[in-house]
file protein-v9.cif (mmCIF, C-alpha atoms)
data_entry
#
loop_
_atom_site.label_atom_id
_atom_site.label_comp_id
_atom_site.auth_asym_id
_atom_site.auth_seq_id
_atom_site.Cartn_x
_atom_site.Cartn_y
_atom_site.Cartn_z
CA MET A 26 146.37 68.85 123.05
CA THR A 27 149.45 69.82 121.06
CA ALA A 28 153.16 69.83 121.83
CA ASP A 29 153.05 73.59 121.29
CA GLN A 30 150.52 73.98 124.05
CA LEU A 31 152.53 71.76 126.39
CA ILE A 32 155.62 73.88 125.85
CA ALA A 33 153.57 77.05 126.49
CA GLY A 34 152.60 75.55 129.83
CA GLY A 35 156.19 74.81 130.79
CA VAL A 36 156.03 71.04 130.29
CA ALA A 37 158.11 69.35 127.62
CA PRO A 38 156.33 66.82 125.37
CA PRO A 39 157.58 63.23 125.24
CA ARG A 40 160.70 62.83 123.10
CA ARG A 41 160.42 61.05 119.79
CA PRO A 42 162.63 60.84 116.70
CA ALA A 43 162.77 64.11 114.78
CA SER A 44 160.82 64.07 111.52
CA GLU A 45 160.80 66.40 108.54
CA ALA A 46 157.72 68.08 110.03
CA ASP A 47 159.60 68.57 113.32
CA ARG A 48 162.50 70.25 111.51
CA THR A 49 160.05 72.43 109.58
CA VAL A 50 158.34 73.58 112.75
CA GLU A 51 161.67 74.23 114.46
CA LEU A 52 162.67 76.53 111.59
CA ILE A 53 159.31 78.30 111.80
CA ARG A 54 159.44 78.73 115.57
CA THR A 55 163.02 79.96 115.59
CA SER A 56 162.46 82.44 112.77
CA TRP A 57 159.26 83.74 114.38
CA GLN A 58 160.99 84.29 117.73
CA LEU A 59 163.49 86.55 116.00
CA VAL A 60 160.81 88.86 114.59
CA GLU A 61 158.08 88.56 117.23
CA PRO A 62 159.22 91.73 119.07
CA GLN A 63 158.18 93.58 115.89
CA ALA A 64 154.78 91.89 115.71
CA GLU A 65 152.87 95.18 115.57
CA GLU A 66 154.86 96.38 112.57
CA ILE A 67 154.54 92.96 110.95
CA GLY A 68 150.79 93.14 111.43
CA LYS A 69 150.60 96.53 109.71
CA HIS A 70 152.71 95.22 106.81
CA PHE A 71 150.55 92.10 106.59
CA TYR A 72 147.25 93.97 106.24
CA SER A 73 148.72 96.63 103.97
CA THR A 74 149.98 93.92 101.62
CA LEU A 75 146.74 91.93 101.80
CA PHE A 76 144.49 94.90 101.04
CA SER A 77 146.80 96.00 98.23
CA ARG A 78 146.82 92.59 96.50
CA ALA A 79 143.18 91.71 97.23
CA PRO A 80 141.27 94.99 97.85
CA GLU A 81 137.96 93.15 98.18
CA THR A 82 139.17 91.53 101.42
CA ARG A 83 138.99 94.89 103.22
CA ASP A 84 135.22 94.50 103.50
CA LEU A 85 135.70 91.24 105.43
CA PHE A 86 137.20 93.12 108.38
CA PRO A 87 135.81 95.69 110.85
CA VAL A 88 136.14 99.38 110.13
CA ASN A 89 138.37 99.85 113.17
CA MET A 90 141.39 97.57 112.75
CA GLU A 91 142.87 98.28 116.20
CA VAL A 92 141.56 95.04 117.70
CA GLN A 93 141.97 92.96 114.56
CA ARG A 94 145.49 94.00 113.59
CA SER A 95 147.44 91.38 115.51
CA ARG A 96 144.70 88.78 115.90
CA LEU A 97 144.72 87.17 112.47
CA LEU A 98 148.50 87.34 112.16
CA ARG A 99 149.10 85.62 115.50
CA ALA A 100 146.40 83.04 114.80
CA LEU A 101 148.02 82.21 111.46
CA VAL A 102 151.44 81.84 113.04
CA HIS A 103 150.07 79.65 115.84
CA VAL A 104 148.30 77.34 113.41
CA VAL A 105 151.32 77.08 111.11
CA GLN A 106 153.45 76.12 114.13
CA MET A 107 151.19 73.11 114.73
CA VAL A 108 151.97 71.50 111.39
CA ASP A 109 153.87 68.67 113.12
CA GLN A 110 150.70 67.64 114.99
CA PRO A 111 148.38 66.47 112.18
CA ASP A 112 146.01 64.54 114.45
CA ASP A 113 145.18 67.75 116.31
CA LEU A 114 145.67 70.21 113.46
CA VAL A 115 143.68 68.70 110.60
CA PRO A 116 140.30 68.41 112.40
CA PHE A 117 140.79 71.94 113.75
CA LEU A 118 141.59 73.31 110.29
CA GLN A 119 138.54 71.59 108.84
CA GLN A 120 136.35 73.27 111.44
CA LEU A 121 138.13 76.56 110.82
CA GLY A 122 137.60 76.30 107.07
CA ARG A 123 133.87 75.71 107.54
CA ASP A 124 133.74 78.57 110.04
CA HIS A 125 135.41 81.05 107.67
CA ARG A 126 132.57 80.68 105.18
CA LYS A 127 130.61 83.14 107.35
CA PHE A 128 133.06 85.90 106.33
CA GLY A 129 132.52 85.33 102.62
CA VAL A 130 136.08 84.04 102.21
CA LEU A 131 136.79 82.76 98.69
CA SER A 132 139.42 80.32 97.47
CA GLN A 133 141.60 83.07 95.97
CA HIS A 134 141.73 84.86 99.30
CA TYR A 135 143.83 82.07 100.82
CA ALA A 136 146.58 82.74 98.29
CA ALA A 137 146.50 86.47 99.02
CA VAL A 138 146.64 85.86 102.78
CA GLY A 139 149.60 83.51 102.34
CA GLU A 140 151.49 86.00 100.19
CA ALA A 141 150.86 88.79 102.70
CA LEU A 142 151.88 86.64 105.67
CA LEU A 143 155.12 85.44 104.11
CA SER A 144 155.95 88.87 102.74
CA ALA A 145 155.54 90.45 106.17
CA ILE A 146 157.68 87.89 107.99
CA ALA A 147 160.34 87.84 105.24
CA THR A 148 160.60 91.64 105.28
CA TYR A 149 161.28 91.81 109.01
CA SER A 150 163.49 88.71 109.04
CA GLY A 151 166.06 90.31 106.78
CA GLU A 152 169.11 88.09 106.27
CA ASN A 153 167.55 85.44 108.54
CA TRP A 154 165.01 84.67 105.80
CA THR A 155 167.07 81.85 104.30
CA PRO A 156 165.92 79.47 101.54
CA ASP A 157 165.29 76.77 104.16
CA VAL A 158 163.19 79.11 106.32
CA SER A 159 161.23 80.27 103.28
CA LYS A 160 160.58 76.68 102.22
CA ALA A 161 159.38 75.77 105.73
CA TRP A 162 156.90 78.66 105.91
CA HIS A 163 155.60 78.15 102.36
CA GLY A 164 155.12 74.41 102.90
CA ALA A 165 153.40 74.77 106.26
CA TYR A 166 151.03 77.49 105.08
CA GLY A 167 150.19 75.41 102.02
CA ILE A 168 149.08 72.54 104.26
CA VAL A 169 146.95 74.88 106.35
CA ALA A 170 145.30 76.58 103.37
CA ASP A 171 144.60 73.32 101.53
CA ALA A 172 142.91 71.72 104.53
CA MET A 173 140.71 74.75 105.17
CA GLN A 174 139.72 75.18 101.53
CA GLN A 175 138.84 71.53 101.07
CA ALA A 176 136.64 71.50 104.17
CA ALA A 177 134.91 74.74 103.15
CA ALA A 178 134.26 73.45 99.61
CA ALA A 179 132.78 70.20 100.94
CA GLU A 180 130.40 71.89 103.41
CA ARG A 181 126.74 72.09 102.35
CA GLY A 182 125.22 73.53 105.52
CA PRO A 183 124.58 77.22 106.27
CA ALA A 184 127.55 79.53 106.67
CA SER A 185 125.87 81.10 109.73
CA TRP A 186 122.58 81.26 111.60
CA LEU A 187 120.50 84.23 112.76
CA GLY A 188 119.29 84.39 116.33
CA ARG A 189 117.16 86.85 118.31
CA VAL A 190 118.00 87.81 121.89
CA VAL A 191 115.07 86.76 124.09
CA GLU A 192 116.68 87.32 127.50
CA HIS A 193 119.52 89.47 128.81
CA ARG A 194 120.17 89.13 132.53
CA ARG A 195 122.94 91.06 134.27
CA ILE A 196 124.82 89.29 137.06
CA GLY A 197 127.04 91.98 138.51
CA TRP A 198 128.64 94.76 136.51
CA ASP A 199 130.82 92.56 134.30
CA LEU A 200 128.71 89.46 133.63
CA ALA A 201 125.52 88.68 131.75
CA VAL A 202 123.52 85.58 130.86
CA VAL A 203 122.08 85.95 127.37
CA THR A 204 119.55 83.63 125.73
CA VAL A 205 119.26 83.63 121.93
CA ALA A 206 116.52 81.92 119.93
CA THR A 207 117.29 80.76 116.38
CA ASP A 208 114.72 79.93 113.71
CA ASP A 209 116.83 77.02 112.45
CA LEU A 210 118.56 74.71 114.90
CA VAL A 211 122.32 75.25 115.20
CA PRO A 212 123.90 71.76 114.99
CA TYR A 213 126.27 72.12 117.92
CA GLN A 214 127.08 69.47 120.49
CA ALA A 215 127.35 70.03 124.23
CA GLY A 216 130.83 71.32 125.01
CA GLN A 217 131.45 72.96 121.63
CA TYR A 218 131.79 76.70 121.08
CA VAL A 219 130.52 79.07 118.38
CA SER A 220 131.47 82.53 117.18
CA VAL A 221 128.94 85.35 117.45
CA GLU A 222 128.57 88.74 115.81
CA THR A 223 126.32 91.37 117.37
CA PRO A 224 124.92 94.60 115.91
CA HIS A 225 127.04 96.60 118.38
CA ARG A 226 130.34 95.40 116.85
CA PRO A 227 129.83 94.57 113.17
CA ARG A 228 132.42 92.17 111.68
CA LEU A 229 134.00 91.61 115.10
CA TRP A 230 133.37 88.05 116.25
CA ARG A 231 133.74 86.51 119.69
CA TYR A 232 133.82 82.83 120.65
CA LEU A 233 131.21 81.76 123.19
CA SER A 234 130.36 78.34 124.62
CA PRO A 235 126.65 77.48 124.99
CA ALA A 236 125.72 76.72 128.59
CA CYS A 237 123.15 74.13 127.56
CA ALA A 238 122.90 71.02 125.48
CA PRO A 239 120.97 71.58 122.20
CA ARG A 240 117.31 72.40 122.88
CA ARG A 241 114.39 71.55 120.65
CA ASP A 242 113.07 75.13 120.79
CA GLY A 243 116.32 76.47 119.31
CA THR A 244 117.25 78.61 122.32
CA ILE A 245 120.90 78.86 123.31
CA GLU A 246 122.16 80.25 126.63
CA PHE A 247 125.48 82.09 126.78
CA HIS A 248 127.47 83.31 129.80
CA VAL A 249 129.46 86.42 128.88
CA ARG A 250 132.02 88.21 131.03
CA ALA A 251 133.28 91.65 130.00
CA VAL A 252 137.04 91.23 129.78
CA GLU A 253 139.55 94.06 129.80
CA ASN A 254 139.83 95.64 126.33
CA GLY A 255 137.18 93.21 125.12
CA TRP A 256 135.24 95.20 122.57
CA VAL A 257 132.68 92.50 121.89
CA SER A 258 132.24 91.09 125.39
CA ARG A 259 131.85 94.53 126.97
CA ALA A 260 129.24 95.50 124.38
CA ILE A 261 127.28 92.29 124.96
CA VAL A 262 127.23 92.70 128.74
CA ALA A 263 126.40 96.40 128.76
CA HIS A 264 124.37 97.03 125.64
CA SER A 265 122.65 93.88 124.33
CA ARG A 266 118.87 94.22 124.29
CA ILE A 267 115.95 91.84 123.86
CA GLY A 268 114.92 91.68 120.22
CA GLU A 269 118.29 92.40 118.64
CA THR A 270 119.68 89.95 116.08
CA TRP A 271 122.94 88.04 116.42
CA ARG A 272 124.75 86.05 113.78
CA ILE A 273 126.13 82.69 114.93
CA GLY A 274 128.96 80.83 113.20
CA PRO A 275 129.40 77.06 112.79
CA PRO A 276 130.17 74.98 115.90
CA MET A 277 133.80 74.25 116.70
CA GLY A 278 135.80 72.41 119.35
CA ARG A 279 136.29 68.90 120.65
CA MET A 280 135.13 69.14 124.26
CA ALA A 281 132.92 66.10 124.88
CA VAL A 282 132.29 63.35 127.38
CA PRO A 283 133.40 60.08 125.76
CA GLN A 284 130.59 57.72 124.84
CA GLY A 285 130.90 54.22 126.22
CA SER A 286 133.83 55.01 128.53
CA GLU A 287 133.90 53.15 131.85
CA ARG A 288 136.10 55.82 133.42
CA GLU A 289 134.90 58.39 135.93
CA LEU A 290 134.84 62.04 134.88
CA LEU A 291 136.67 65.10 136.17
CA MET A 292 135.65 68.61 135.09
CA VAL A 293 137.72 71.69 135.96
CA ALA A 294 136.06 75.05 135.26
CA GLY A 295 137.31 78.57 135.88
CA GLY A 296 135.10 81.65 135.54
CA THR A 297 132.68 81.43 132.62
CA GLY A 298 134.36 78.13 131.72
CA VAL A 299 131.51 76.72 133.79
CA ALA A 300 129.17 77.32 130.81
CA PRO A 301 130.32 74.41 128.59
CA MET A 302 130.58 72.21 131.68
CA LYS A 303 126.90 72.89 132.43
CA ALA A 304 126.07 71.95 128.85
CA LEU A 305 128.03 68.71 129.21
CA LEU A 306 126.35 67.90 132.53
CA ASP A 307 123.01 68.52 130.84
CA GLU A 308 123.93 66.02 128.13
CA VAL A 309 125.43 63.46 130.52
CA GLY A 310 122.37 63.62 132.76
CA ARG A 311 120.24 62.31 129.89
CA ARG A 312 122.30 59.14 129.55
CA PRO A 313 121.01 55.84 130.98
CA ARG A 314 124.19 55.44 133.06
CA PRO A 315 125.94 58.76 133.72
CA PRO A 316 129.59 58.40 134.82
CA ARG A 317 130.58 59.35 138.33
CA THR A 318 131.51 63.02 137.90
CA GLN A 319 133.43 65.51 140.03
CA VAL A 320 133.38 69.19 139.09
CA PHE A 321 135.86 71.72 140.48
CA VAL A 322 134.60 75.24 139.82
CA GLY A 323 136.91 78.10 140.74
CA GLY A 324 137.39 81.84 140.93
CA ARG A 325 139.47 84.44 142.72
CA THR A 326 136.72 85.07 145.30
CA TRP A 327 133.37 83.55 146.21
CA GLU A 328 131.61 86.25 144.15
CA ASP A 329 133.29 84.84 141.04
CA LEU A 330 131.42 81.55 141.50
CA TYR A 331 128.33 83.17 140.04
CA ASP A 332 126.61 79.91 139.04
CA PHE A 333 127.64 77.71 141.94
CA GLY A 334 124.14 77.71 143.43
CA ALA A 335 122.69 76.17 140.29
CA LEU A 336 125.44 73.56 140.15
CA ARG A 337 124.98 72.65 143.81
CA LYS A 338 121.24 72.28 143.28
CA LEU A 339 121.97 70.03 140.30
CA SER A 340 124.22 67.85 142.47
CA TYR A 341 121.40 67.40 144.98
CA SER A 342 119.28 65.88 142.20
CA HIS A 343 121.98 63.61 140.75
CA PRO A 344 123.81 61.17 143.06
CA TRP A 345 126.53 60.65 140.42
CA LEU A 346 127.59 64.32 140.63
CA ASP A 347 129.82 66.13 143.15
CA VAL A 348 130.64 69.84 142.89
CA ILE A 349 133.62 71.35 144.75
CA PRO A 350 133.97 75.16 144.99
CA VAL A 351 137.48 76.64 144.86
CA VAL A 352 138.52 80.22 145.70
CA GLU A 353 141.95 81.80 145.68
CA HIS A 354 141.11 84.29 148.44
CA GLU A 355 138.36 84.51 151.05
CA ASP A 356 137.73 86.98 153.86
CA GLU A 357 135.39 84.66 155.73
CA PRO A 358 135.15 80.84 155.76
CA SER A 359 132.82 79.70 152.97
CA GLY A 360 133.39 75.96 152.88
CA ALA A 361 135.32 76.28 149.62
CA GLU A 362 138.73 74.78 148.95
CA THR A 363 141.41 77.48 148.97
CA GLY A 364 144.03 77.95 146.25
CA THR A 365 144.16 78.04 142.48
CA LEU A 366 142.37 75.35 140.54
CA ALA A 367 145.75 73.90 139.61
CA ASP A 368 146.69 73.73 143.31
CA VAL A 369 143.45 72.20 144.52
CA VAL A 370 142.84 69.68 141.75
CA THR A 371 146.34 68.19 142.02
CA ARG A 372 146.06 68.24 145.82
CA PHE A 373 143.31 65.66 145.41
CA GLY A 374 145.54 63.33 143.37
CA ALA A 375 146.69 62.48 139.86
CA TRP A 376 143.26 61.53 138.46
CA SER A 377 145.03 58.95 136.32
CA GLU A 378 141.91 56.81 135.93
CA HIS A 379 139.61 59.68 134.92
CA ASP A 380 138.62 61.41 131.70
CA VAL A 381 139.49 65.07 132.31
CA LEU A 382 137.91 68.19 130.79
CA VAL A 383 139.34 71.67 131.48
CA CYS A 384 137.80 75.01 130.53
CA GLY A 385 138.57 78.61 131.52
CA SER A 386 140.95 81.41 130.65
CA PRO A 387 144.08 80.53 128.62
CA ALA A 388 146.26 81.13 131.70
CA MET A 389 144.08 78.92 133.88
CA ILE A 390 144.12 76.14 131.27
CA ARG A 391 147.91 76.30 130.90
CA SER A 392 148.60 76.18 134.62
CA THR A 393 146.04 73.47 135.39
CA VAL A 394 147.01 71.16 132.53
CA SER A 395 150.73 71.59 133.24
CA ARG A 396 150.33 70.81 136.93
CA MET A 397 148.15 67.77 136.20
CA LEU A 398 150.72 66.37 133.80
CA VAL A 399 153.45 66.77 136.41
CA ALA A 400 151.16 65.10 138.99
CA GLY A 401 150.77 62.09 136.72
CA THR A 402 147.58 62.62 134.74
CA PRO A 403 148.01 60.90 131.35
CA LEU A 404 148.23 63.35 128.46
CA ASP A 405 145.67 61.49 126.37
CA ARG A 406 143.04 61.76 129.12
CA ILE A 407 142.98 65.59 129.15
CA THR A 408 140.81 67.58 126.75
CA TYR A 409 140.40 71.32 126.36
CA ASP A 410 139.86 73.90 123.64
CA PRO A 411 142.43 76.72 123.51
CA PHE A 412 140.30 79.33 121.75
CA THR A 413 140.83 83.07 122.33
CA MET A 414 138.54 84.72 124.82
CA ASP A 415 137.70 87.90 122.90
#

call {"tool": "encode", "arguments": {"input": "protein-v9.cif", "output": "structure tokens"}}
result
Amino acid sequence: MTADQLIAGGVAPPRRPASEADRTVELIRTSWQLVEPQAEEIGKHFYSTLFSRAPETRDLFPVNMEVQRSRLLRALVHVVQMVDQPDDLVPFLQQLGRDHRKFGVLSQHYAAVGEALLSAIATYSGENWTPDVSKAWHGAYGIVADAMQQAAAAERGPASWLGRVVEHRRIGWDLAVVTVATDDLVPYQAGQYVSVETPHRPRLWRYLSPACAPRRDGTIEFHVRAVENGWVSRAIVAHSRIGETWRIGPPMGRMAVPQGSERELLMVAGGTGVAPMKALLDEVGRRPRPPRTQVFVGGRTWEDLYDFGALRKLSYSHPWLDVIPVVEHEDEPSGAETGTLADVVTRFGAWSEHDVLVCGSPAMIRSTVSRMLVAGTPLDRITYDPFTMD
């Protein structure tokens, strides 16, 4: 977890002496805040400059740029702002560099992206684009690009894997469970996520977390909810068919249950965030001595707890596992705890002696992690992956 993410959740990180990296990030954050209201125009300038200087990069993006326009720009800015957190940033950049091989990204493209990014921000910064600000942005982007390129160059595995849909099961109008079978095993670990591309939205990728630990037959189960304005998720839920081919990117993320830890385990899952938790429970259940585990699974209403029955059945088979349902609203008593996940989890205590895993929407993660930190949960005991949902 980074200081940037703590601040986004309304909790200040511990104070420490300011370093050169801290001053660099402060310049970057301050300068970005000044131009962020013009992010849409900056995005247009960014892509116009990129496609002008490196025309071949146009084929790396979808035909319709409406969804993509702000995504890459904001992701670049977010990553650059993390340059003062090398322990979190470097492993993430290495994964990101390996992941970008699936696009056909070449070494020279990183230079073109950097030029376009800095040109766009400088143009809209005007007189605020001082030599110090320029130096900060150039230095930070250089660190990002170098780490990604080095990881991509060192990777010898496939850039992506092909998988065939073997099951598509609708659960309500906005949710589907999809099983994909790959010819070659995807080397993911329980708790990680992968990007997927479907034939319905070429060159538009969405991150999904497998809901199972790796299987010998190569099948992977995904839980997909159609989110508002989610081009990929809505297409998967409504239009995916058995037999169609997906492309799957390299595994990413750091969600995992520590090996050899004597601590008990707390899992907090909102919505389809239950998918990676199921994968982790699958993996933990194979251990000789699974840790005592409590899982809080939440939604706005009982209907949102679409997989609670399976989790409850699992708890009946494993004495080390407890599952607690949480709903924000209920018309009739259901036996669930009432409130947000942040409310309920902290109502039970600080969990200071537990390893904690959190997964769900970005808003749910921010509120839950922030409240747990205030309640006294140690920062280094909390793990989550802040990837975009669509």

call {"tool": "residues_around", "arguments": {"input": "protein-v9.cif", "residues": "Ser77 (chain A)", "least_positions_apart": "6", "cutoff": "12 Å", "atoms": "all atoms listed in the file", "output": "list in words"}}
result
His70, Phe71, Arg83, Ala137, Val138, Glu140 and Ala141 of chain A

call {"tool": "residues_around", "arguments": {"input": "protein-v9.cif", "residues": "Val381 (chain A)", "least_positions_apart": "4", "cutoff": "12 Å", "atoms": "all atoms listed in the file", "output": "PDB file with C-alpha atoms, in the frame of the given file"}}
result
ATOM      1  CA  MET A 280     135.130  69.140 124.260  1.00  0.00           C
ATOM      2  CA  ALA A 281     132.920  66.100 124.880  1.00  0.00           C
ATOM      3  CA  VAL A 282     132.290  63.350 127.380  1.00  0.00           C
ATOM      4  CA  PRO A 283     133.400  60.080 125.760  1.00  0.00           C
ATOM      5  CA  ARG A 288     136.100  55.820 133.420  1.00  0.00           C
ATOM      6  CA  GLU A 289     134.900  58.390 135.930  1.00  0.00           C
ATOM      7  CA  LEU A 290     134.840  62.040 134.880  1.00  0.00           C
ATOM      8  CA  LEU A 291     136.670  65.100 136.170  1.00  0.00           C
ATOM      9  CA  MET A 292     135.650  68.610 135.090  1.00  0.00           C
ATOM     10  CA  VAL A 293     137.720  71.690 135.960  1.00  0.00           C
ATOM     11  CA  ALA A 294     136.060  75.050 135.260  1.00  0.00           C
ATOM     12  CA  MET A 302     130.580  72.210 131.680  1.00  0.00           C
ATOM     13  CA  THR A 318     131.510  63.020 137.900  1.00  0.00           C
ATOM     14  CA  GLN A 319     133.430  65.510 140.030  1.00  0.00           C
ATOM     15  CA  VAL A 320     133.380  69.190 139.090  1.00  0.00           C
ATOM     16  CA  PHE A 321     135.860  71.720 140.480  1.00  0.00           C
ATOM     17  CA  VAL A 370     142.840  69.680 141.750  1.00  0.00           C
ATOM     18  CA  ALA A 375     146.690  62.480 139.860  1.00  0.00           C
ATOM     19  CA  TRP A 376     143.260  61.530 138.460  1.00  0.00           C
ATOM     20  CA  SER A 377     145.030  58.950 136.320  1.00  0.00           C
ATOM     21  CA  THR A 393     146.040  73.470 135.390  1.00  0.00           C
ATOM     22  CA  VAL A 394     147.010  71.160 132.530  1.00  0.00           C
ATOM     23  CA  MET A 397     148.150  67.770 136.200  1.00  0.00           C
ATOM     24  CA  LEU A 398     150.720  66.370 133.800  1.00  0.00           C
ATOM     25  CA  THR A 402     147.580  62.620 134.740  1.00  0.00           C
ATOM     26  CA  PRO A 403     148.010  60.900 131.350  1.00  0.00           C
ATOM     27  CA  LEU A 404     148.230  63.350 128.460  1.00  0.00           C
ATOM     28  CA  ASP A 405     145.670  61.490 126.370  1.00  0.00           C
ATOM     29  CA  ARG A 406     143.040  61.760 129.120  1.00  0.00           C
ATOM     30  CA  ILE A 407     142.980  65.590 129.150  1.00  0.00           C
ATOM     31  CA  THR A 408     140.810  67.580 126.750  1.00  0.00           C
ATOM     32  CA  TYR A 409     140.400  71.320 126.360  1.00  0.00           C
TER      33      TYR A 409
END

call {"tool": "residues_near_point", "arguments": {"input": "protein-v9.cif", "point": "(139.1, 73.8, 112.9)", "cutoff": "12 Å", "atoms": "all atoms listed in the file", "output": "NGL selection string"}}
result
:A and (100 or 104 or 111-125 or 169-170 or 172-174 or 176-177 or 217-219 or 275-279 or 410-412)

call {"tool": "closest_atom_pairs", "arguments": {"input": "protein-v9.cif", "of": "region 136-210 of chain A", "to": "region 45-69 of chain A", "cutoff": "9 Å", "atoms": "all atoms listed in the file", "output": "Markdown table"}}
result
| residue | atom | partner | partner_atom | distance |
| --- | --- | --- | --- | --- |
| A:Leu142 | CA | A:Ile67 | CA | 8.7 |
| A:Ala145 | CA | A:Ile67 | CA | 5.5 |
| A:Ile146 | CA | A:Ile67 | CA | 6.7 |
| A:Thr148 | CA | A:Ile67 | CA | 8.4 |
| A:Tyr149 | CA | A:Val60 | CA | 6.3 |
| A:Ser150 | CA | A:Val60 | CA | 6.2 |
| A:Asn153 | CA | A:Ser56 | CA | 7.3 |
| A:Trp154 | CA | A:Ser56 | CA | 7.7 |
| A:Asp157 | CA | A:Leu52 | CA | 7.9 |
| A:Val158 | CA | A:Leu52 | CA | 5.9 |
| A:Ser159 | CA | A:Ile53 | CA | 9.0 |
| A:Lys160 | CA | A:Thr49 | CA | 8.5 |
| A:Ala161 | CA | A:Thr49 | CA | 5.1 |
| A:Trp162 | CA | A:Ile53 | CA | 6.4 |
| A:Gly164 | CA | A:Thr49 | CA | 8.5 |
| A:Ala165 | CA | A:Thr49 | CA | 7.8 |

call {"tool": "residues_around", "arguments": {"input": "protein-v9.cif", "residues": "Leu366 (chain A)", "least_positions_apart": "2", "cutoff": "10 Å", "atoms": "all atoms listed in the file", "output": "ChimeraX atom specification"}}
result
/A:293-295,321-325,350-353,362-364,368-372,389-390,392-393,396

call {"tool": "resolve_selection", "arguments": {"input": "protein-v9.cif", "expression": "the PyMOL selection byres ((chain A and resi 227-230) around 10)", "output": "list of chain:residue names"}}
result
A:Asp84, A:Leu85, A:Phe86, A:Pro87, A:Val88, A:Asn89, A:Met90, A:Val92, A:Gln93, A:Phe128, A:Val219, A:Ser220, A:Val221, A:Glu222, A:Thr223, A:Pro224, A:His225, A:Arg226, A:Arg231, A:Tyr232, A:Leu233, A:Trp256, A:Val257, A:Ser258, A:Arg272, A:Ile273, A:Gly274, A:Asp415

call {"tool": "atom_distance", "arguments": {"input": "protein-v9.cif", "atom1": "CA of Leu346 (chain A)", "atom2": "CA of Thr326 (chain A)"}}
result
23.1 Å

call {"tool": "atom_distance", "arguments": {"input": "protein-v9.cif", "atom1": "CA of Ala79 (chain A)", "atom2": "CA of Gln133 (chain A)"}}
result
8.9 Å

call {"tool": "atom_distance", "arguments": {"input": "protein-v9.cif", "atom1": "CA of Gln284 (chain A)", "atom2": "CA of Pro315 (chain A)"}}
result
10.1 Å

call {"tool": "residues_around", "arguments": {"input": "protein-v9.cif", "residues": "Ala215 (chain A)", "least_positions_apart": "5", "cutoff": "7 Å", "atoms": "all atoms listed in the file", "output": "VMD selection string"}}
result
chain A and resid 237 to 239 281 301 304 to 305 308
